[in-house]
Structures are given as C-alpha cells and as structure tokens.
Amino acid sequence: MIKSAMAEKLWSKLEKTLVNNGKAFISVTGGGGKTTFLVSFSSYLKSLGYSVLITTSTKLASPFSFDYKVDGIFLSPSIINYWPKKGESVFYGSYNEALGKTTAPPSSMVSLLYDRYDVVIVEADGSRRLPLKIHTQRDPVIWKPTTAIVAVSGLWAYGKPIKQSVFGPEEKSGLVDKSYYEYLIGEPEGMAKGMGPHTDNVFLFNGGDVVEERVRKEMKTLSLPYSSFGFIVSMNKDEIYETL
C-alpha cells in the first residue's frame with residue numbers, strides 16, 4: 001500500500017493538538033477503536049512523563065479481563081488517597097460484578113482527580129465493537145471538565161451495509177460511503193454530538209491502512225464542524241495518512 005507522502009506519527013500529533021500547557025480532559029466517542037485509543041495514547045503520554053487517568057462515563061471492559069497497560073487499578077473511592085507519579089497511568093471505575101464490566105464512577109470524583117493528573121481520558125460512549133455510531137438522547141456522556149472530544153470511527157465500514165456497520169437506532173438502507181459519513185457528521189445525534197466551539201475537537205477515521213488510497217482521498221474532502229481537526233489514521237501503526 002502506498003502511504004501518503006505526508007504520513008506522520010499519530011500519537012505525537014495528538015499530544016500537540018489535545019494537551020495544552022500540560023493538561024487535558026479528553027472524552028472519546030464513537031466506535032472503531034476507542035479502547036485502542038485509550039491504551040495507545042495513554043501509553044504514549046506516559047512515555048513523555050505525563051500522569052494519566054483512564055476512566056469511563058459509561059461502561060468499559062473489566063481491567064481483570066483486559067490489559068489497559070496501567071500502573072494501578074482502583075475500583076473504589078480509595079483512589080482519593082493516591083497521588084500519581086509522573087509517567088504513571090491509573091485506571092479508575094466502579095466494578096459491576098453482575099455485568100463483569102467497569103461502570104462509571106462519580107463524575108464529581110473524577111473532577112477532583114483531574115487536579116492531580118495531567119491528562120484524564122474518558123471512554124464516553126459505547127458501540128458494541130461496531131465501527132460507526134448513531135447516538136440516542138442519553139449518549140455520549142460528556143462530563144463538564146472536558147477540554148477535548150475525540151470522535152472515532154472505523155473506515156473498514158466503507159462499502160459495507162449500513163445495517164451491519166452502525167450501532168444505534170439507525171434505519172437507513174444502503175452502503176456506507178462518503179455521503180453517509182457526511183450524514184453522520186451533520187446529524188445532531190451523529191459523530192459531532194457533544195462537540196462545541198469551546199472544546200478541542202478531533203475526528204479520527206481509523207483504518208487508513210486497510211482501505212484503498214482512492215477511499216482515503218475521497219474521505220479527505222469531508223467538511224468538519226467547529227474548526228475541528230480530522231485525520232485518516234492507523235492506530236495500530238501510529239500513522240496519519242491524510243489530514244482533513
């Protein structure tokens with residue numbers, strides 16, 4: 001596959017885009033790579049010496065069944081007694097034994113913890129591992145301290161049936177193409193939900209390494225709201241293929 005001549009490192013670019021004066025509270029929405037984002041970006045920030053808190057405002061896989069590559073795990077309010085070191089990441093949530101998942105801790109507690117962590121990354125959405133998402137009134141759950149919103153989607157949905165690729169109350173027929181991504185970006189319950197003029201907004205179209213160059217070139221012409229940054233990327237390869 002021929003990569004863009006402008007290919008650059010994704011995680012380095014996002015650190016420069018999302019972290020301002022050493023601080024950020026990042027809410028991650030959509031589908032197609034949110035958990036990969038949590039793990040990979042937090043690991044990169046750790047390597048730069050940031051202290052990072054990973055949590056959720058909805059639900060996440062249990063840290064007992066999934067490796068978030070963190071240095072500490074807290075599933076109770078006892079986290080308030082812990083002070084992180086530089087270059088350390090911590091996972092925090094409430095454990096639901098019946099679900100076998102981590103559920104959202106109190107948002108007030110996370111707001112307090114933001115004072116002692118450089119970066120907080122919140123998985124603010126659920127998509128049941130589908131690459132695209134249409135929201136409902138109750139999601140995404142964007143907490144008040146949020147300084148940046150990252151909307152993730154999976155380009156491997158391109159050319160696939162909408163009904164097989166989209167999580168949420170979607171009834172459209174047909175295939176996922178550029179016009180459908182345009183619809184998702186403009187739809188009030190779509191990819192830009194939760195974004196605004198007072199947050200740093202990034203659209204990550206993940207899977208740039210698994211689609212043809214013509215698809216990347218076509219997607220590059222999408223128009224984004226709120227002076228957002230848009231990148232066609234491979235999270236697994238830490239590469240940017242195109243900038244929107």
# chains A, B, ... in the order shown; residues from 1 in each chain; ligands from 1
call {"tool": "residues_around", "arguments": {"residues": "range 216-225 of chain A", "least_positions_apart": "5", "cutoff": "10 Å", "atoms": "only C-alpha atoms", "output": "ChimeraX atom specification"}}
result
/A:4,155,177-179,181-182,185-186,192,195-197,201-203,205,207-209,211,230-233,241-244
call {"tool": "residues_around", "arguments": {"residues": "Gly22 in chain A", "least_positions_apart": "3", "cutoff": "12 Å", "atoms": "only C-alpha atoms", "output": "ChimeraX atom specification"}}
result
/A:15-19,25,45,48-52,86,115-120
call {"tool": "closest_residue", "arguments": {"among": "A:Ser94, A:Asn20, A:Thr29, A:Thr35", "to": "Lys133 in chain A", "atoms": "only C-alpha atoms"}}
result
A:Thr29
call {"tool": "select_by_dssp", "arguments": {"residues": "range 134-178 of chain A", "states": "alpha helix (DSSP H)", "output": "PyMOL selection string"}}
result
chain A and resi 162-165+178
call {"tool": "closest_residue", "arguments": {"among": "A:Ala24, A:Tyr226, A:Ser42, A:Tyr158", "to": "Ser12 in chain A", "atoms": "only C-alpha atoms"}}
result
A:Ser42
call {"tool": "residues_around", "arguments": {"residues": "Ile79 in chain A", "least_positions_apart": "3", "cutoff": "12 Å", "atoms": "only C-alpha atoms", "output": "ChimeraX atom specification"}}
result
/A:53,72-76,82-84,90-94,105,109-110,112-113,116
call {"tool": "closest_residue", "arguments": {"among": "A:His135, A:Arg214, A:His198, A:Lys9", "to": "Pro169 in chain A", "atoms": "only C-alpha atoms"}}
result
A:His135
call {"tool": "closest_residue", "arguments": {"among": "A:Arg138, A:Arg128, A:Lys144, A:Lys237", "to": "Ser111 in chain A", "atoms": "only C-alpha atoms"}}
result
A:Lys144
call {"tool": "closest_residue", "arguments": {"among": "A:Gly154, A:Pro140, A:Pro106, A:Pro77", "to": "Gly126 in chain A", "atoms": "only C-alpha atoms"}}
result
A:Pro140
call {"tool": "select_by_dssp", "arguments": {"residues": "range 3-197 of chain A", "states": "strand (DSSP E)", "output": "PyMOL selection string"}}
result
chain A and resi 8-9+24-30+52-56+59-61+72-74+89-92+94-96+101-103+119-123+132-133+148-154+166-167
call {"tool": "residues_around", "arguments": {"residues": "Thr199 in chain A", "least_positions_apart": "4", "cutoff": "8 Å", "atoms": "only C-alpha atoms", "output": "PyMOL selection string"}}
result
chain A and resi 146-149+195
call {"tool": "residues_around", "arguments": {"residues": "Tyr95 in chain A", "least_positions_apart": "3", "cutoff": "10 Å", "atoms": "only C-alpha atoms", "output": "ChimeraX atom specification"}}
result
/A:59-63,74-76,92,98-105
call {"tool": "residues_around", "arguments": {"residues": "Pro188 in chain A", "least_positions_apart": "5", "cutoff": "10 Å", "atoms": "only C-alpha atoms", "output": "PyMOL selection string"}}
result
chain A and resi 134-136+183+193-194
call {"tool": "write_last_selection", "arguments": {"atoms": "N, CA, C and O atoms", "output": "compact mmCIF listing (two decimals), in the first residue's frame"}}
result
# COMPACT_ATOMS: atom_id res chain seq x y z
N ILE A 134 -24.65 5.90 15.85
CA ILE A 134 -25.67 6.92 15.93
C ILE A 134 -26.10 6.99 17.40
O ILE A 134 -26.40 5.95 18.01
N HIS A 135 -26.12 8.18 17.97
CA HIS A 135 -26.39 8.31 19.40
C HIS A 135 -27.88 8.39 19.70
O HIS A 135 -28.71 8.57 18.82
N THR A 136 -28.16 8.27 20.98
CA THR A 136 -29.51 8.49 21.49
C THR A 136 -29.44 9.72 22.41
O THR A 136 -28.39 10.33 22.57
N TYR A 183 -23.43 12.50 6.29
CA TYR A 183 -24.67 12.45 7.09
C TYR A 183 -24.34 12.28 8.57
O TYR A 183 -24.90 12.99 9.43
N LYS A 193 -21.72 14.95 17.92
CA LYS A 193 -22.52 15.21 19.13
C LYS A 193 -21.61 15.39 20.34
O LYS A 193 -20.70 14.61 20.58
N GLY A 194 -21.86 16.44 21.08
CA GLY A 194 -21.05 16.75 22.26
C GLY A 194 -19.98 17.77 22.00
O GLY A 194 -19.44 18.38 22.93
call {"tool": "atom_distance", "arguments": {"atom1": "CA of Lys160 in chain A", "atom2": "CA of Thr36 in chain A"}}
result
22.1 Å
call {"tool": "atom_distance", "arguments": {"atom1": "CA of Ser173 in chain A", "atom2": "CA of Ala151 in chain A"}}
result
23.3 Å
